[in-house]
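Report on one structure; see the data block that follows.
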Amino acid sequence: MSHKIRITKIKESNITSLDFNNIPLGTTFTDHMFMCDFEDGQWINPRIEPLASIPTHPAAMALHYGQAIFEGMKATKDATGVPVLFRPEKNAERLNFSADRMGIPQFPETLFVEGLKQLVALEQAWIPAEEGSALYLRPFIYADEAFIGMRAATHYKFIIIASPSGPFFTKPIRLYAETKYIRATNGGTGEAKAAGNYAAAIKPTEIAKSKGYDQVLWLDAHEFNYIQEVGTMNIFFKINGEFFTPSLDGAILNGITRMSVIELLRSRGYKLTERPITIDEIVKASQNGTLEEAFGTGTAVGIAMIQEIGYKDISLPLSDENPVSQMVLDTLNGIKIGKLEDEFGWLVKADHSFNLSEQH
Ligand SMILES: *Cc1c(COP(=O)(O)O)cnc(C)c1O
């Protein structure tokens, strides 16, 4: 399917304002955004325009009832300098999974990928070259209908913005296993990448930070024992030579980095099991010396080595030798910049020969 995307280019790029050696986190945006409106039961008017604020009606439903979902992905450049996306069709699929849970209309997956490609092709000068750096892409949908009342909105906006990012957590992180607040439970919205999940996580995360930790390690809502995930990441443990990650239980976000790491580890001959994992078991493995490595996985951070887990009044230290985690990180980063072969077929080129004659 081909989609006609109208492109209006900015008069003068803001790229000169960016210091590529010192990229601030999440505050710099590229020149353009992709936009599409949902009206009269369909997504219409796909376009790329100069990035600008959008007037918002004070009754916009997303502000009151929280119909808002998002995706997070990254564009890099391969060895020949061609911009590439990492498994964008998976993000398209997950966006629609989230949309379904939140009562938001489905977005055409081909248009999602096409919009990304065209935006990235247009903004390719903003893609930082350094390994571990990338152009972060944030597709999202929110209800912009002005209406006070509880029902699904009939007007939405789909937008993609882009923000250059340097290497994220370069330091190993410290996690705080939360035993009062929860992130999600079965039947809730934990499996959806919904803005509201983050709203509920902000206060517990601030508390964890005030205790000197970087992120919350979320436990299950019933027993505060089964490990779910970390702030914006899924989690993996290496115990006695084997890898374990919590199985997708209906409350855990199905990370694309997670699924890629599972595939990679298995291809390298590691035994990897998806199953329920308790914090008790991790405490035991730590105490008997079999807990060898632990890391978080997510698009924003890539692979974040875990240096310590705090749980009640116990502190579980982890080794700062993480050879396999480091291999995973180097392999993912290497594939993304074309230093290593794309052996799993994860990359999609955004080298659009799209029709710039449509400029206005
Ligand atoms: C986005 C996200 C992840 C990581 O997913 P990726 O697709 O790997 O980026 C993990 N947990 C939560 C809660 C998330 O929102």
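Labels used: A, B, ... for chains in the order of the structure tokens, numbers from 1 for residues in each chain, and numbers from 1 for ligands as shown.
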
Taking only C-alpha atoms and all ligand atoms into account, which residues have an atom no farther than 6 Å from ligand 1? I'd like them as a tab-separated table (two decimals) with N, CA and C atoms, in the first residue's frame.
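Okay, selection_15.tsv is ready:
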```tsv
chain	number	residue	atom	x	y	z
A	72	GLY	N	8.48	3.79	21.30
A	72	GLY	CA	9.82	4.35	21.40
A	72	GLY	C	10.72	3.50	20.53
A	193	LYS	N	1.55	0.09	26.07
A	193	LYS	CA	2.48	1.19	26.30
A	193	LYS	C	1.63	2.45	26.43
A	231	GLY	N	11.50	0.11	35.60
A	231	GLY	CA	11.00	1.39	35.02
A	231	GLY	C	10.62	1.34	33.55
A	232	THR	N	11.59	1.39	32.69
A	232	THR	CA	11.32	1.43	31.25
A	232	THR	C	11.98	0.25	30.55
A	233	MET	N	12.22	-0.82	31.31
A	233	MET	CA	12.98	-1.94	30.75
A	233	MET	C	12.44	-3.28	31.22
A	234	ASN	N	12.67	-4.29	30.42
A	234	ASN	CA	12.49	-5.68	30.85
A	234	ASN	C	13.78	-6.12	31.53
A	253	LEU	N	5.24	-5.43	29.94
A	253	LEU	CA	5.31	-4.88	28.59
A	253	LEU	C	6.18	-5.80	27.72
A	255	GLY	N	8.65	-6.14	25.42
A	255	GLY	CA	9.71	-5.30	24.85
A	255	GLY	C	10.29	-5.89	23.58
A	256	ILE	N	10.59	-5.02	22.63
A	256	ILE	CA	11.18	-5.46	21.38
A	256	ILE	C	12.67	-5.74	21.59
A	257	THR	N	13.30	-5.01	22.51
A	257	THR	CA	14.67	-5.35	22.87
A	257	THR	C	14.68	-6.71	23.55
A	258	ARG	N	13.70	-6.94	24.44
A	258	ARG	CA	13.58	-8.24	25.13
A	258	ARG	C	13.52	-9.38	24.12
A	297	THR	N	16.64	-4.33	29.63
A	297	THR	CA	16.62	-4.14	28.18
A	297	THR	C	15.49	-3.19	27.78
A	298	GLY	N	15.81	-2.23	26.95
A	298	GLY	CA	14.79	-1.31	26.43
A	298	GLY	C	15.40	-0.46	25.35
A	299	THR	N	14.55	0.07	24.48
A	299	THR	CA	15.06	0.86	23.37
A	299	THR	C	15.87	2.06	23.84
```

- Task: With a distance cut-off of 8 Å and only C-alpha atoms, select the neighbouring residues of Val328 (chain A), excluding the residue or stretch itself and same-chain residues fewer than 6 positions from it, and output the selection as an NGL selection string.
- Result: :A and (261 or 264-265 or 303)

Only N, CA, C and O atoms, please: the residues just picked out, written as a CSV table (one decimal), in the first residue's frame.
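part-v1.csv, freshly written:
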```csv
chain,number,residue,atom,x,y,z
A,261,VAL,N,16.9,-9.8,22.4
A,261,VAL,CA,17.9,-10.4,23.3
A,261,VAL,C,17.7,-11.9,23.4
A,261,VAL,O,18.6,-12.7,23.4
A,264,LEU,N,18.9,-13.5,20.3
A,264,LEU,CA,20.4,-13.4,20.2
A,264,LEU,C,21.1,-14.4,21.2
A,264,LEU,O,22.0,-15.2,20.8
A,265,LEU,N,20.6,-14.4,22.4
A,265,LEU,CA,21.2,-15.3,23.4
A,265,LEU,C,21.1,-16.8,23.0
A,265,LEU,O,22.0,-17.6,23.1
A,303,ILE,N,21.1,-1.9,26.7
A,303,ILE,CA,21.3,-2.9,27.7
A,303,ILE,C,21.9,-2.1,28.9
A,303,ILE,O,22.9,-1.4,28.8
```

- Message: I'd like to know which of A:His32, A:Arg101, A:Lys4, A:Arg275 is closest to Ala192 (chain A), using only C-alpha atoms.
- Response: A:Arg101

Report the closest atom pair, with its distance in Å rounded to one decimal, for each residue of region 216-267 of chain A that has an atom no farther than 9 Å from region 280-288 of chain A; count only C-alpha atoms, sort by chain and then rising residue number, and write it as a Markdown table.
```
| residue | atom | partner | partner_atom | distance |
| --- | --- | --- | --- | --- |
| A:Asn225 | CA | A:Asp280 | CA | 6.9 |
| A:Tyr226 | CA | A:Asp280 | CA | 8.5 |
| A:Phe237 | CA | A:Ile282 | CA | 8.6 |
| A:Ile239 | CA | A:Ala285 | CA | 7.0 |
| A:Asn240 | CA | A:Ala285 | CA | 8.6 |
```

Would you put the residues from that selection into a file with N, CA, C and O atoms, as a PDB file, in the first residue's frame?
```pdb
ATOM      1  N   ASN A 225       6.199 -10.534  45.092  1.00  0.00           N
ATOM      2  CA  ASN A 225       7.274 -11.517  45.066  1.00  0.00           C
ATOM      3  C   ASN A 225       7.755 -11.801  43.633  1.00  0.00           C
ATOM      4  O   ASN A 225       8.947 -11.876  43.383  1.00  0.00           O
ATOM      5  N   TYR A 226       6.827 -11.929  42.685  1.00  0.00           N
ATOM      6  CA  TYR A 226       7.240 -12.202  41.306  1.00  0.00           C
ATOM      7  C   TYR A 226       7.775 -10.932  40.649  1.00  0.00           C
ATOM      8  O   TYR A 226       7.132  -9.882  40.703  1.00  0.00           O
ATOM      9  N   PHE A 237      18.241 -12.224  34.039  1.00  0.00           N
ATOM     10  CA  PHE A 237      19.207 -12.680  35.039  1.00  0.00           C
ATOM     11  C   PHE A 237      20.017 -13.832  34.460  1.00  0.00           C
ATOM     12  O   PHE A 237      19.463 -14.680  33.752  1.00  0.00           O
ATOM     13  N   ILE A 239      21.904 -16.955  35.958  1.00  0.00           N
ATOM     14  CA  ILE A 239      22.094 -17.714  37.190  1.00  0.00           C
ATOM     15  C   ILE A 239      22.729 -19.045  36.814  1.00  0.00           C
ATOM     16  O   ILE A 239      22.160 -19.796  36.015  1.00  0.00           O
ATOM     17  N   ASN A 240      23.900 -19.300  37.404  1.00  0.00           N
ATOM     18  CA  ASN A 240      24.545 -20.590  37.172  1.00  0.00           C
ATOM     19  C   ASN A 240      24.667 -20.928  35.682  1.00  0.00           C
ATOM     20  O   ASN A 240      24.349 -22.040  35.261  1.00  0.00           O
TER      21      ASN A 240
END
```

- Message: Using only C-alpha atoms, which protein or nucleic acid residues come within 7 Å of region 60-65 of chain A? Drop anything in the same chain fewer than 3 positions from it, and give the result as an MDAnalysis selection string.
- Response: chainID A and resid 56:57 68 142:147 153

- Task: Could you tell me, as a ChimeraX atom specification, which residues of region 128-271 of chain A DSSP assigns to strand (DSSP E or B) when given the backbone?
- Result: /A:134-143,146,156-165,173-177,194,215-219,226-230,233-239,242-245

Residue subset to file, keeping N, CA and C atoms, as a compact mmCIF listing (two decimals), in the first residue's frame:
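Output below, filename part-v6.txt:
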```txt
# COMPACT_ATOMS: atom_id res chain seq x y z
N ALA A 134 21.86 7.54 18.87
CA ALA A 134 20.86 7.30 17.84
C ALA A 134 19.92 8.49 17.76
N LEU A 135 19.05 8.44 16.77
CA LEU A 135 17.94 9.39 16.72
C LEU A 135 16.75 8.67 17.34
N TYR A 136 16.34 9.14 18.51
CA TYR A 136 15.19 8.53 19.20
C TYR A 136 13.91 8.99 18.53
N LEU A 137 13.01 8.05 18.30
CA LEU A 137 11.75 8.37 17.63
C LEU A 137 10.60 8.09 18.58
N ARG A 138 9.69 9.01 18.66
CA ARG A 138 8.57 8.85 19.58
C ARG A 138 7.24 9.00 18.83
N PRO A 139 6.70 7.87 18.33
CA PRO A 139 5.35 7.90 17.78
C PRO A 139 4.35 7.84 18.93
N PHE A 140 3.25 8.57 18.82
CA PHE A 140 2.23 8.52 19.88
C PHE A 140 0.87 8.91 19.35
N ILE A 141 -0.14 8.48 20.10
CA ILE A 141 -1.53 8.82 19.76
C ILE A 141 -2.20 9.36 21.00
N TYR A 142 -2.96 10.43 20.85
CA TYR A 142 -3.75 10.91 21.99
C TYR A 142 -5.10 11.42 21.50
N ALA A 143 -6.06 11.39 22.43
CA ALA A 143 -7.42 11.82 22.11
C ALA A 143 -7.48 13.33 22.20
N ALA A 146 -12.59 17.56 22.03
CA ALA A 146 -13.06 18.36 23.16
C ALA A 146 -14.41 17.80 23.62
N TYR A 156 -8.57 11.85 17.22
CA TYR A 156 -7.23 11.58 17.78
C TYR A 156 -6.19 12.22 16.89
N LYS A 157 -4.99 12.36 17.46
CA LYS A 157 -3.84 12.71 16.64
C LYS A 157 -2.79 11.62 16.79
N PHE A 158 -2.18 11.28 15.65
CA PHE A 158 -1.00 10.41 15.65
C PHE A 158 0.16 11.31 15.25
N ILE A 159 1.21 11.29 16.04
CA ILE A 159 2.36 12.18 15.78
C ILE A 159 3.65 11.37 15.96
N ILE A 160 4.65 11.70 15.17
CA ILE A 160 6.01 11.18 15.44
C ILE A 160 6.93 12.37 15.59
N ILE A 161 7.61 12.42 16.73
CA ILE A 161 8.66 13.43 16.89
C ILE A 161 9.99 12.69 17.03
N ALA A 162 11.08 13.41 16.83
CA ALA A 162 12.40 12.78 16.86
C ALA A 162 13.36 13.62 17.67
N SER A 163 14.19 12.93 18.45
CA SER A 163 15.11 13.62 19.35
C SER A 163 16.45 12.89 19.38
N PRO A 164 17.52 13.57 19.00
CA PRO A 164 18.83 12.89 19.01
C PRO A 164 19.22 12.52 20.44
N SER A 165 19.80 11.34 20.61
CA SER A 165 20.19 10.92 21.96
C SER A 165 21.60 10.33 21.96
N ILE A 173 23.36 0.31 36.81
CA ILE A 173 22.29 0.94 37.58
C ILE A 173 21.95 0.17 38.85
N ARG A 174 21.32 0.90 39.78
CA ARG A 174 20.90 0.32 41.06
C ARG A 174 19.37 0.32 41.10
N LEU A 175 18.80 -0.83 41.43
CA LEU A 175 17.34 -0.97 41.40
C LEU A 175 16.78 -1.13 42.80
N TYR A 176 15.59 -0.58 42.99
CA TYR A 176 14.90 -0.68 44.27
C TYR A 176 13.64 -1.52 44.08
N ALA A 177 13.59 -2.69 44.69
CA ALA A 177 12.41 -3.56 44.56
C ALA A 177 11.29 -2.98 45.42
N ALA A 194 1.00 2.56 27.58
CA ALA A 194 0.03 3.63 27.84
C ALA A 194 0.67 4.69 28.72
N GLN A 215 16.22 3.27 39.53
CA GLN A 215 14.95 2.83 38.95
C GLN A 215 14.25 1.89 39.92
N VAL A 216 12.95 1.73 39.69
CA VAL A 216 12.16 0.78 40.48
C VAL A 216 12.21 -0.60 39.82
N LEU A 217 12.36 -1.63 40.63
CA LEU A 217 12.15 -3.00 40.17
C LEU A 217 10.73 -3.37 40.61
N TRP A 218 9.85 -3.57 39.63
CA TRP A 218 8.43 -3.81 39.95
C TRP A 218 8.18 -5.28 40.26
N LEU A 219 7.41 -5.49 41.33
CA LEU A 219 7.01 -6.84 41.71
C LEU A 219 5.52 -7.00 41.44
N TYR A 226 6.83 -11.93 42.69
CA TYR A 226 7.24 -12.20 41.31
C TYR A 226 7.77 -10.93 40.65
N ILE A 227 8.93 -11.05 40.04
CA ILE A 227 9.57 -9.90 39.39
C ILE A 227 8.88 -9.63 38.06
N GLN A 228 8.54 -8.37 37.82
CA GLN A 228 7.91 -8.01 36.54
C GLN A 228 8.92 -7.34 35.61
N GLU A 229 9.27 -6.12 35.90
CA GLU A 229 10.22 -5.41 35.04
C GLU A 229 10.76 -4.21 35.76
N VAL A 230 11.54 -3.42 35.05
CA VAL A 230 12.18 -2.24 35.63
C VAL A 230 11.61 -1.03 34.92
N MET A 233 12.22 -0.82 31.31
CA MET A 233 12.98 -1.94 30.75
C MET A 233 12.44 -3.28 31.22
N ASN A 234 12.67 -4.29 30.42
CA ASN A 234 12.49 -5.68 30.85
C ASN A 234 13.78 -6.12 31.53
N ILE A 235 13.73 -7.26 32.20
CA ILE A 235 14.91 -7.65 32.99
C ILE A 235 15.33 -9.10 32.72
N PHE A 236 16.64 -9.32 32.73
CA PHE A 236 17.22 -10.64 32.51
C PHE A 236 18.20 -10.95 33.64
N PHE A 237 18.24 -12.22 34.04
CA PHE A 237 19.21 -12.68 35.04
C PHE A 237 20.02 -13.83 34.46
N LYS A 238 21.30 -13.88 34.83
CA LYS A 238 22.11 -15.05 34.50
C LYS A 238 22.44 -15.73 35.81
N ILE A 239 21.90 -16.95 35.96
CA ILE A 239 22.09 -17.71 37.19
C ILE A 239 22.73 -19.04 36.81
N GLU A 242 22.88 -20.00 33.14
CA GLU A 242 21.67 -19.95 32.30
C GLU A 242 20.96 -18.62 32.45
N PHE A 243 20.24 -18.23 31.40
CA PHE A 243 19.49 -16.97 31.46
C PHE A 243 18.02 -17.18 31.76
N PHE A 244 17.46 -16.22 32.49
CA PHE A 244 16.05 -16.24 32.85
C PHE A 244 15.48 -14.84 32.67
N THR A 245 14.25 -14.79 32.17
CA THR A 245 13.53 -13.51 32.13
C THR A 245 12.08 -13.81 32.48
```

- Query: For Arg94 (chain A), which residue out of A:Tyr181, A:Ser13, A:Asn254, A:Glu49 is the nearest one, using only C-alpha atoms?
  - Reply: A:Asn254

- Find the spatial neighbours of Gly103 (chain A), counting only C-alpha atoms, within a cut-off of 9 Å - ignore same-chain residues fewer than 5 positions away - and output them as a VMD selection string. chain A and resid 67 98 151 to 153

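Distance check against Asp100 (chain A) using only C-alpha atoms: of A:Asp19, A:Asp31, A:Glu191, A:Glu12, the minimum falls on A:Glu191.
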
- With distances taken over only C-alpha atoms, which of A:Asn91, A:Asn186, A:Ser17, A:Asn45 is nearest to Glu109 (chain A)?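 That would be A:Asn91, the residue with the smallest distance to Glu109 (chain A).
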
- Quick one: everything within 6 Å of region 334-345 of chain A, counting only C-alpha atoms, minus sequence neighbours fewer than 6 positions away in the same chain. Send it as a PyMOL selection string. chain A and resi 77-79

Could you take the residues named above and write them with N, CA, C and O atoms, as a CSV table (one decimal), in the first residue's frame?
```csv
chain,number,residue,atom,x,y,z
A,77,LYS,N,22.6,4.9,11.6
A,77,LYS,CA,23.1,4.8,10.2
A,77,LYS,C,24.0,3.6,10.1
A,77,LYS,O,24.8,3.3,10.9
A,78,ASP,N,23.8,2.9,9.0
A,78,ASP,CA,24.6,1.7,8.8
A,78,ASP,C,26.0,2.1,8.3
A,78,ASP,O,26.3,3.3,8.2
A,79,ALA,N,26.8,1.1,8.0
A,79,ALA,CA,28.2,1.3,7.6
A,79,ALA,C,28.4,2.2,6.4
A,79,ALA,O,29.4,2.9,6.3
```

- How many Å separate CA of Ala304 (chain A) from CA of Phe97 (chain A)?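 Pair CA of Ala304 (chain A) / CA of Phe97 (chain A) returns 26.1 Å.
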
- Message: So the first atom is CA of Ser315 (chain A) and the second is CA of Arg183 (chain A); what is the distance between them in Å, to one decimal place?
- Response: 21.8 Å

- Item | helix (DSSP H, G or I) per DSSP on the backbone: members of region 70-278 of chain A, as a PyMOL selection string | chain A and resi 88-101+109-122+124-126+195-210+256-267

- Item | Residue nearest Asn322 (chain A) among A:Ser247, A:Thr110, A:Gln307, A:Ser210 (counting only C-alpha atoms) |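 Of A:Ser247, A:Thr110, A:Gln307, A:Ser210, the one nearest Asn322 (chain A) is A:Gln307, counting only C-alpha atoms.
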
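The nearest approach to Gln326 (chain A) among the residues A:Ala294, A:Ile54, A:Ile279, A:Val82, with only C-alpha atoms taken into account, belongs to A:Ala294.
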